[in-house]
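As provided, start22.pdb (PDB, C-alpha atoms and all ligand atoms) reads as follows.
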MODEL        1
ATOM      1  CA  MET S   5       0.000   0.000   0.000
ATOM      2  CA  MET S   6       2.757   2.378   0.956
ATOM      3  CA  PRO S   7       4.283   2.520  -2.477
ATOM      4  CA  LYS S   8       0.905   3.372  -3.942
ATOM      5  CA  ARG S   9       0.250   6.149  -1.457
ATOM      6  CA  THR S  10       3.732   7.508  -1.926
ATOM      7  CA  GLY S  11       3.119   7.490  -5.586
ATOM      8  CA  LEU S  12      -0.074   9.420  -5.113
ATOM      9  CA  LEU S  13       1.601  11.967  -2.855
ATOM     10  CA  THR S  14       4.389  12.379  -5.330
ATOM     11  CA  ALA S  15       1.846  12.933  -8.038
ATOM     12  CA  LEU S  16      -0.014  15.482  -5.943
ATOM     13  CA  ALA S  17       3.200  17.270  -5.110
ATOM     14  CA  ALA S  18       3.982  17.484  -8.764
ATOM     15  CA  LEU S  19       0.538  18.779  -9.593
ATOM     16  CA  PRO S  20       1.065  22.472  -8.820
ATOM     17  CA  ALA S  21       4.097  22.466 -11.031
ATOM     18  CA  ALA S  22       2.101  20.831 -13.772
ATOM     19  CA  LEU S  23      -0.683  23.357 -13.409
ATOM     20  CA  LEU S  24       1.806  26.160 -13.445
ATOM     21  CA  THR S  25       3.254  24.801 -16.637
ATOM     22  CA  VAL S  26      -0.183  24.774 -18.211
ATOM     23  CA  ALA S  27      -0.960  28.218 -16.903
ATOM     24  CA  VAL S  28       2.137  29.831 -18.338
ATOM     25  CA  ALA S  29       2.119  27.854 -21.565
ATOM     26  CA  PRO S  30       1.519  30.255 -24.428
ATOM     27  CA  PRO S  31      -1.861  30.081 -26.113
ATOM     28  CA  VAL S  32      -1.868  27.935 -29.212
ATOM     29  CA  PHE S  33      -2.198  30.906 -31.526
ATOM     30  CA  ALA S  34       0.842  32.570 -29.985
ATOM     31  CA  ALA S  35       3.015  29.860 -31.492
ATOM     32  CA  ASP S  36       5.724  30.854 -33.896
ATOM     33  CA  PRO S  37       4.700  31.402 -36.561
ATOM     34  CA  PRO S  38       1.178  32.186 -35.464
ATOM     35  CA  ALA S  39      -1.374  30.093 -37.311
ATOM     36  CA  TYR S  40      -5.108  30.403 -37.541
ATOM     37  CA  GLN S  41      -7.525  27.694 -38.536
ATOM     38  CA  ILE S  42     -10.641  28.306 -40.549
ATOM     39  CA  ASP S  43     -13.438  25.806 -41.079
ATOM     40  CA  LEU S  44     -15.263  26.429 -44.315
ATOM     41  CA  THR S  45     -18.988  25.774 -44.241
ATOM     42  CA  GLN S  46     -21.378  25.688 -47.174
ATOM     43  CA  LEU S  47     -23.399  28.509 -48.599
ATOM     44  CA  ASN S  48     -26.079  28.213 -51.267
ATOM     45  CA  ASP S  49     -26.777  24.651 -50.163
ATOM     46  CA  SER S  50     -23.639  23.710 -52.110
ATOM     47  CA  GLY S  51     -22.459  20.900 -49.886
ATOM     48  CA  SER S  52     -18.975  22.400 -50.028
ATOM     49  CA  THR S  53     -16.818  22.229 -46.927
ATOM     50  CA  GLY S  54     -13.165  22.623 -46.187
ATOM     51  CA  THR S  55     -10.399  23.653 -43.868
ATOM     52  CA  ALA S  56      -7.929  26.466 -44.217
ATOM     53  CA  LEU S  57      -4.923  27.603 -42.289
ATOM     54  CA  LEU S  58      -3.411  31.062 -42.216
ATOM     55  CA  SER S  59       0.142  31.320 -41.011
ATOM     56  CA  LEU S  60       2.125  34.498 -40.528
ATOM     57  CA  ARG S  61       5.886  34.868 -40.484
ATOM     58  CA  GLY S  62       6.502  38.541 -40.355
ATOM     59  CA  ASN S  63       4.615  39.937 -43.307
ATOM     60  CA  ALA S  64       4.654  36.626 -45.155
ATOM     61  CA  LEU S  65       1.198  35.125 -45.043
ATOM     62  CA  THR S  66       0.888  31.487 -46.051
ATOM     63  CA  VAL S  67      -2.596  30.324 -46.917
ATOM     64  CA  TRP S  68      -3.489  26.647 -47.114
ATOM     65  CA  ILE S  69      -6.933  25.585 -48.257
ATOM     66  CA  LYS S  70      -8.340  22.116 -48.685
ATOM     67  CA  SER S  71     -11.941  21.953 -49.708
ATOM     68  CA  GLU S  72     -14.362  19.555 -51.326
ATOM     69  CA  GLY S  73     -17.794  19.656 -52.826
ATOM     70  CA  MET S  74     -16.584  22.160 -55.408
ATOM     71  CA  VAL S  75     -17.627  21.946 -59.064
ATOM     72  CA  PRO S  76     -15.293  19.385 -60.713
ATOM     73  CA  GLY S  77     -12.991  20.781 -63.374
ATOM     74  CA  GLN S  78     -14.127  24.359 -62.748
ATOM     75  CA  PRO S  79     -12.088  27.247 -61.329
ATOM     76  CA  SER S  80     -12.982  28.547 -57.904
ATOM     77  CA  ALA S  81     -12.548  32.235 -57.274
ATOM     78  CA  GLN S  82     -11.415  32.519 -53.667
ATOM     79  CA  HIS S  83     -10.560  35.435 -51.440
ATOM     80  CA  LEU S  84      -9.819  36.717 -48.011
ATOM     81  CA  HIS S  85     -12.752  38.993 -47.319
ATOM     82  CA  GLY S  86     -13.242  41.431 -44.491
ATOM     83  CA  SER S  87     -11.799  44.580 -43.089
ATOM     84  CA  THR S  88      -8.529  45.628 -41.528
ATOM     85  CA  ASP S  89      -9.938  48.789 -40.004
ATOM     86  CA  GLY S  90     -11.669  47.247 -37.034
ATOM     87  CA  HIS S  91     -14.992  46.395 -38.636
ATOM     88  CA  ASP S  92     -16.377  43.026 -37.625
ATOM     89  CA  PHE S  93     -17.710  41.248 -40.688
ATOM     90  CA  GLN S  94     -18.947  37.664 -40.493
ATOM     91  CA  CYS S  95     -20.095  34.903 -42.823
ATOM     92  CA  PRO S  96     -23.628  35.220 -44.193
ATOM     93  CA  ASP S  97     -26.121  32.410 -44.427
ATOM     94  CA  ASP S  98     -28.585  31.436 -47.123
ATOM     95  CA  GLY S  99     -31.287  33.525 -45.460
ATOM     96  CA  ASP S 100     -29.358  36.607 -46.582
ATOM     97  CA  ASP S 101     -30.714  36.180 -50.109
ATOM     98  CA  THR S 102     -32.355  39.560 -49.741
ATOM     99  CA  ASN S 103     -33.835  39.769 -53.230
ATOM    100  CA  GLY S 104     -35.344  36.341 -52.780
ATOM    101  CA  ASP S 105     -34.226  35.011 -56.142
ATOM    102  CA  GLY S 106     -33.190  31.722 -54.644
ATOM    103  CA  ILE S 107     -29.456  32.279 -54.692
ATOM    104  CA  LEU S 108     -27.218  34.123 -52.270
ATOM    105  CA  ASP S 109     -25.193  36.199 -54.698
ATOM    106  CA  ASN S 110     -21.905  37.885 -53.937
ATOM    107  CA  THR S 111     -23.443  41.322 -53.594
ATOM    108  CA  GLU S 112     -25.905  40.133 -50.965
ATOM    109  CA  ALA S 113     -23.171  38.231 -49.167
ATOM    110  CA  THR S 114     -20.678  41.098 -49.220
ATOM    111  CA  VAL S 115     -22.868  43.051 -46.804
ATOM    112  CA  HIS S 116     -21.921  40.344 -44.299
ATOM    113  CA  TYR S 117     -18.463  39.119 -45.232
ATOM    114  CA  GLY S 118     -17.068  42.416 -46.456
ATOM    115  CA  ASP S 119     -15.145  43.319 -49.561
ATOM    116  CA  ILE S 120     -12.301  41.324 -51.029
ATOM    117  CA  ASN S 121      -9.105  42.084 -49.157
ATOM    118  CA  ILE S 122      -6.820  39.578 -50.871
ATOM    119  CA  SER S 123      -7.501  37.499 -53.971
ATOM    120  CA  LEU S 124      -6.161  34.005 -53.418
ATOM    121  CA  THR S 125      -4.855  33.430 -56.914
ATOM    122  CA  GLU S 126      -2.302  30.776 -57.780
ATOM    123  CA  SER S 127      -0.011  33.241 -59.547
ATOM    124  CA  GLY S 128       0.306  36.927 -60.274
ATOM    125  CA  GLY S 129      -1.469  39.666 -58.413
ATOM    126  CA  THR S 130      -3.447  39.077 -55.248
ATOM    127  CA  ASP S 131      -5.125  42.455 -54.988
ATOM    128  CA  ALA S 132      -8.873  42.925 -55.021
ATOM    129  CA  GLY S 133      -8.656  43.657 -58.747
ATOM    130  CA  SER S 134      -7.731  40.014 -59.316
ATOM    131  CA  GLY S 135     -10.935  38.902 -57.662
ATOM    132  CA  LEU S 136     -12.479  37.492 -60.791
ATOM    133  CA  ALA S 137      -9.264  36.337 -62.450
ATOM    134  CA  VAL S 138     -10.667  32.846 -62.790
ATOM    135  CA  ASP S 139      -7.812  31.853 -65.102
ATOM    136  CA  ARG S 140      -5.474  32.207 -62.109
ATOM    137  CA  MET S 141      -7.732  30.588 -59.560
ATOM    138  CA  PRO S 142      -7.443  26.932 -58.513
ATOM    139  CA  VAL S 143      -9.440  24.377 -60.478
ATOM    140  CA  ALA S 144     -11.274  21.621 -58.654
ATOM    141  CA  ASP S 145     -10.190  18.091 -59.528
ATOM    142  CA  ALA S 146     -12.514  15.413 -60.889
ATOM    143  CA  GLN S 147     -13.726  14.712 -57.357
ATOM    144  CA  GLY S 148     -14.525  18.354 -56.732
ATOM    145  CA  LYS S 149     -11.569  18.893 -54.423
ATOM    146  CA  VAL S 150      -9.456  22.003 -54.286
ATOM    147  CA  SER S 151      -6.025  22.091 -52.740
ATOM    148  CA  TYR S 152      -4.258  25.422 -52.474
ATOM    149  CA  LYS S 153      -1.166  26.831 -50.884
ATOM    150  CA  ARG S 154       0.480  30.151 -51.481
ATOM    151  CA  THR S 155       2.675  32.546 -49.534
ATOM    152  CA  ILE S 156       1.847  36.204 -50.053
ATOM    153  CA  THR S 157       3.535  39.315 -48.737
ATOM    154  CA  VAL S 158       0.893  41.338 -46.959
ATOM    155  CA  GLY S 159       0.680  44.774 -45.412
ATOM    156  CA  GLN S 160       0.996  45.430 -41.711
ATOM    157  CA  ASP S 161      -2.737  46.076 -41.510
ATOM    158  CA  VAL S 162      -3.397  42.501 -42.597
ATOM    159  CA  VAL S 163      -0.876  41.190 -40.068
ATOM    160  CA  GLU S 164      -2.580  43.091 -37.279
ATOM    161  CA  HIS S 165      -6.107  42.212 -38.337
ATOM    162  CA  ILE S 166      -5.625  38.699 -39.676
ATOM    163  CA  LYS S 167      -8.260  37.398 -37.269
ATOM    164  CA  ASP S 168     -10.804  39.784 -38.766
ATOM    165  CA  LEU S 169     -10.508  38.237 -42.225
ATOM    166  CA  HIS S 170     -12.312  35.193 -43.579
ATOM    167  CA  ILE S 171     -12.032  32.929 -46.538
ATOM    168  CA  VAL S 172     -14.741  32.670 -49.158
ATOM    169  CA  GLN S 173     -14.687  30.314 -52.119
ATOM    170  CA  HIS S 174     -17.016  30.907 -55.024
ATOM    171  CA  GLY S 175     -18.694  28.724 -57.618
ATOM    172  CA  VAL S 176     -21.805  26.596 -57.375
ATOM    173  CA  ASP S 177     -23.553  24.203 -59.714
ATOM    174  CA  ARG S 178     -27.145  25.209 -59.208
ATOM    175  CA  ASN S 179     -28.596  22.929 -61.863
ATOM    176  CA  ASP S 180     -26.228  20.025 -61.206
ATOM    177  CA  ASN S 181     -24.971  19.731 -64.753
ATOM    178  CA  GLY S 182     -21.302  19.643 -63.799
ATOM    179  CA  LYS S 183     -20.327  23.138 -64.969
ATOM    180  CA  TYR S 184     -20.953  26.827 -64.539
ATOM    181  CA  ASP S 185     -23.582  27.919 -67.003
ATOM    182  CA  PHE S 186     -26.201  30.585 -67.454
ATOM    183  CA  GLU S 187     -29.084  28.117 -67.210
ATOM    184  CA  GLY S 188     -28.341  27.449 -63.569
ATOM    185  CA  ALA S 189     -28.886  30.914 -62.141
ATOM    186  CA  GLY S 190     -28.520  33.452 -64.930
ATOM    187  CA  LYS S 191     -25.856  36.126 -65.204
ATOM    188  CA  SER S 192     -23.565  37.207 -62.434
ATOM    189  CA  GLU S 193     -24.515  40.555 -60.997
ATOM    190  CA  LEU S 194     -20.765  41.282 -60.878
ATOM    191  CA  ASP S 195     -20.034  40.647 -64.520
ATOM    192  CA  PRO S 196     -22.800  39.769 -67.001
ATOM    193  CA  LYS S 197     -20.288  37.826 -69.054
ATOM    194  CA  LEU S 198     -19.944  35.355 -66.190
ATOM    195  CA  PRO S 199     -22.636  32.973 -65.006
ATOM    196  CA  GLN S 200     -24.009  33.625 -61.546
ATOM    197  CA  GLU S 201     -22.932  30.066 -60.775
ATOM    198  CA  ALA S 202     -19.283  31.100 -61.175
ATOM    199  CA  THR S 203     -19.371  33.984 -58.719
ATOM    200  CA  ALA S 204     -21.915  33.016 -56.065
ATOM    201  CA  PRO S 205     -20.208  31.966 -52.819
ATOM    202  CA  THR S 206     -20.036  28.231 -52.157
ATOM    203  CA  ASN S 207     -18.515  28.340 -48.681
ATOM    204  CA  CYS S 208     -17.215  30.738 -46.055
ATOM    205  CA  GLY S 209     -15.275  30.487 -42.831
ATOM    206  CA  VAL S 210     -13.973  32.811 -40.145
ATOM    207  CA  VAL S 211     -10.811  32.374 -38.101
ATOM    208  CA  LYS S 212     -11.554  29.934 -35.318
ATOM    209  CA  GLY S 213     -11.625  31.594 -31.955
ATOM    210  CA  ALA S 214     -11.779  35.010 -33.520
ATOM    211  CA  ALA S 215     -15.342  34.483 -34.613
ATOM    212  CA  VAL S 216     -18.072  34.415 -32.012
ATOM    213  CA  GLY S 217     -19.055  37.968 -32.808
ATOM    214  CA  SER S 218     -15.534  38.950 -31.983
ATOM    215  CA  VAL S 219     -14.203  42.261 -30.911
ATOM    216  CA  PRO S 220     -12.308  43.093 -34.061
ATOM    217  CA  VAL S 221      -8.588  42.824 -33.605
ATOM    218  CA  GLY S 222      -6.992  46.029 -32.484
ATOM    219  CA  GLY S 223     -10.303  47.599 -31.939
ATOM    220  CA  VAL S 224     -12.455  48.864 -29.237
ATOM    221  CA  GLU S 225     -13.142  51.243 -32.054
ATOM    222  CA  THR S 226     -15.981  49.078 -33.154
ATOM    223  CA  GLY S 227     -17.725  52.327 -33.795
ATOM    224  CA  GLY S 228     -16.259  51.919 -37.258
ATOM    225  CA  GLY S 229     -19.378  49.904 -37.854
ATOM    226  CA  THR S 230     -21.700  52.828 -37.512
ATOM    227  CA  ALA S 231     -20.718  54.122 -40.905
ATOM    228  CA  ASP S 232     -22.550  51.175 -42.388
ATOM    229  CA  GLU S 233     -25.721  51.677 -40.468
ATOM    230  CA  SER S 234     -27.738  52.374 -43.538
ATOM    231  CA  SER S 235     -26.490  49.395 -45.460
ATOM    232  CA  SER S 236     -26.623  46.928 -42.633
ATOM    233  CA  GLY S 237     -28.172  47.485 -39.283
ATOM    234  CA  LEU S 238     -27.249  43.917 -38.536
ATOM    235  CA  VAL S 239     -23.544  44.448 -38.968
ATOM    236  CA  THR S 240     -23.717  47.618 -36.935
ATOM    237  CA  GLY S 241     -25.566  45.709 -34.286
ATOM    238  CA  ILE S 242     -22.783  43.180 -34.109
ATOM    239  CA  ALA S 243     -20.131  45.850 -33.922
ATOM    240  CA  GLY S 244     -21.983  47.751 -31.256
ATOM    241  CA  ALA S 245     -22.460  44.670 -29.178
ATOM    242  CA  ALA S 246     -18.969  43.399 -29.694
ATOM    243  CA  THR S 247     -17.903  44.093 -26.164
ATOM    244  CA  ALA S 248     -20.654  41.839 -24.867
ATOM    245  CA  ALA S 249     -20.162  38.116 -24.442
ATOM    246  CA  GLY S 250     -19.612  36.296 -27.697
ATOM    247  CA  MET S 251     -22.587  34.012 -27.348
ATOM    248  CA  LEU S 252     -24.909  36.914 -26.818
ATOM    249  CA  VAL S 253     -23.647  38.487 -29.977
ATOM    250  CA  ILE S 254     -24.206  35.270 -31.866
ATOM    251  CA  ALA S 255     -27.725  35.181 -30.547
ATOM    252  CA  ARG S 256     -28.295  38.695 -31.783
ATOM    253  CA  ARG S 257     -26.845  37.820 -35.074
ATOM    254  CA  ARG S 258     -29.623  35.302 -35.680
ATOM    255  CA  LYS S 259     -31.278  37.756 -36.636
ATOM    256  CA  VAL S 260     -33.284  40.271 -38.542
ATOM    257  CA  PRO S 261     -36.946  39.749 -39.297
ATOM    258  CA  ALA S 262     -37.306  36.029 -38.964
ATOM    259  CA  ALA S 263     -40.300  36.068 -41.249
ATOM    260  CA  ALA S 264     -38.382  37.732 -44.058
ATOM    261  CA  ASP S 265     -35.576  35.226 -43.712
ATOM    262  CA  ALA S 266     -37.952  32.328 -43.665
ATOM    263  CA  GLY S 267     -39.550  33.611 -46.838
ATOM    264  CA  ALA S 268     -36.221  33.881 -48.576
ATOM    265  CA  VAL S 269     -35.237  30.407 -47.483
ATOM    266  CA  ALA S 270     -38.528  29.033 -48.667
ATOM    267  CA  LYS S 271     -37.981  30.622 -52.044
ATOM    268  CA  THR S 272     -34.488  29.199 -52.104
ATOM    269  CA  ARG S 273     -35.888  25.742 -51.554
ATOM    270  CA  ASP S 274     -38.560  26.240 -54.159
ATOM    271  CA  ALA S 275     -36.021  27.297 -56.711
ATOM    272  CA  ALA S 276     -33.696  24.422 -55.886
TER     273      ALA S 276
HETATM  274 CU    CU I   1     -14.763  36.177 -52.476
ENDMDL
END

Hey, can you dump this file as structure tokens for me?
Amino acid sequence: MMPKRTGLLTALAALPAALLTVAVAPPVFAADPPAYQIDLTQLNDSGSTGTALLSLRGNALTVWIKSEGMVPGQPSAQHLHGSTDGHDFQCPDDGDDTNGDGILDNTEATVHYGDINISLTESGGTDAGSGLAVDRMPVADAQGKVSYKRTITVGQDVVEHIKDLHIVQHGVDRNDNGKYDFEGAGKSELDPKLPQEATAPTNCGVVKGAAVGSVPVGGVETGGGTADESSSGLVTGIAGAATAAGMLVIARRRKVPAAADAGAVAKTRDAA
């Protein structure tokens, strides 16, 4: 018995040290280089999911994306959306199809996920102007999988606000015919030469741990949101409430007139 008890006492004696070790261990995201995980969840009932990782070494941002449920053989425009000025954008959901045409288009979604900050092309420019450079975007394989990795030099604002950015991949196959075409959902509102299927968002994800209606990085100045009051009371609401507990903010985020949302969703289903 004695050996056992001694063992227990030894273990107990060691416990404070162990706890101390845990307590002073740096948070996961403080690792070098800091890395941020993003889980991509579907939009437009696309069935597309994925995982992404953002890693910073100085001003070198490495982006890894692995996603599936994309349209096989078709390019996927993909971007880091959001703001580096303290505004707290989030991913939309299918209920944000405000014009009720049955598809959440990029314009409707941008109210929620913000403008393009970085275009995640495979080569060449990565500025917002490359947002629709589908010839430089990754192409899904025959199984609908996209695998992407690129290191990009980013500005200090991106470094400081990396947790405020989110990844969006675009491209859906509304009529399930294996390609982007105009029969699926008409013309893109961004460029009439492109099918809506090519530009509508297929998934979106925010940095894990930074989400939950986060206080934007670097910012108590969530007042930045007030500028958008007219365009989105919802977003302003999130920004204004950002100092409250995350869960509360999430609760608020779900959201605007439930009836209107339900109607839009119903239309979405009808159109599907
Ligand atoms: Cu985008």

Closest atom pairs, residues of chain S within 8 Å of ligand CU 1 (chain I), all atoms listed in the file, as a tab-separated table:
residue	atom	partner	partner_atom	distance
S:Ala81	CA	I:CU1	CU	6.6
S:Gln82	CA	I:CU1	CU	5.1
S:His83	CA	I:CU1	CU	4.4
S:Leu84	CA	I:CU1	CU	6.7
S:His85	CA	I:CU1	CU	6.2
S:Asn110	CA	I:CU1	CU	7.5
S:Asp119	CA	I:CU1	CU	7.7
S:Ile120	CA	I:CU1	CU	5.9
S:Ser123	CA	I:CU1	CU	7.5
S:Gly135	CA	I:CU1	CU	7.0
S:Ile171	CA	I:CU1	CU	7.3
S:Val172	CA	I:CU1	CU	4.8
S:Gln173	CA	I:CU1	CU	5.9
S:His174	CA	I:CU1	CU	6.3
S:Pro205	CA	I:CU1	CU	6.9

Excluding stretch 186-194 of chain S and any residue of its chain fewer than 6 positions from it, enumerate the residues within 8 Å of it, using only C-alpha atoms, and give them as number ranges by chain. S: 107, 109-111, 177-179, 200-204

Given the file shown, enumerate the residues that the PyMOL selection byres (((chain S and resi 74) around 10) and not hetatm) captures and present them as a PyMOL selection string. chain S and resi 50-54+71-73+75-80+143-150+173-177+182+206-207

Can you spell out as JSON, numbers by chain the set of residues that the PyMOL selection byres (((chain S and resi 89) around 8) and not hetatm) selects in the structure I just provided? {"S": [87, 88, 90, 91, 161, 165, 228]}

Take the PyMOL selection byres (((chain S and resi 133) around 12) and not hetatm), apply it to the structure above, and return the hits as JSON, numbers by chain. {"S": [83, 119, 120, 121, 122, 123, 124, 125, 128, 129, 130, 131, 132, 134, 135, 136, 137, 138]}

Would you work out the distance separating atom CA of S:Asn181 from atom CA of S:Asp49, expressed in Å to one decimal? 15.5 Å

Compare S:Gly106, S:Leu169, S:Asp195, S:Tyr184 by their minimum atom-to-atom distance to S:Gln41, counting only C-alpha atoms, and give me the closest one.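 For S:Gln41, the nearest of the given residues is S:Leu169.
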
Best match for closeness to S:Tyr117 among S:Asp105, S:Asp185, S:Asp139, S:Asp100, counting only C-alpha atoms: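 Checking each candidate against S:Tyr117, we get S:Asp100 as the closest.
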
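The gap separating atom CA of S:Lys167 from atom CA of S:Gly213 is 8.6 Å, in Å to one decimal.
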
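Across S:Asn48, S:Arg154, S:Pro199, S:Val163, the tightest approach to S:Glu112 is made by S:Asn48 when counting all atoms listed in the file.
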
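Going from atom CA of S:Pro96 over to atom CA of S:Lys212, you cover 15.9 Å.
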
Mind working out the centre and edge lengths of an axis-aligned box for stretch 47-61 of chain S, all listed atoms inside, 3 Å added to each side, rounded to one decimal in Å and written as lines of an AutoDock Vina configuration file?
center_x = -10.4
center_y = 27.9
center_z = -46.3
size_x = 38.7
size_y = 20.0
size_z = 17.6

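In this comparison, which uses all atoms listed in the file, the residue of S:Tyr152, S:Tyr40, S:Thr157, S:Lys70 approaching S:Leu57 most closely is S:Tyr40.
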
For S:Asn63, list every protein, DNA or RNA residue within 10 Å, evaluated using all atoms listed in the file, and leave out those in the same chain fewer than 3 positions away; present the list as a PyMOL selection string. chain S and resi 59-60+66+155-164
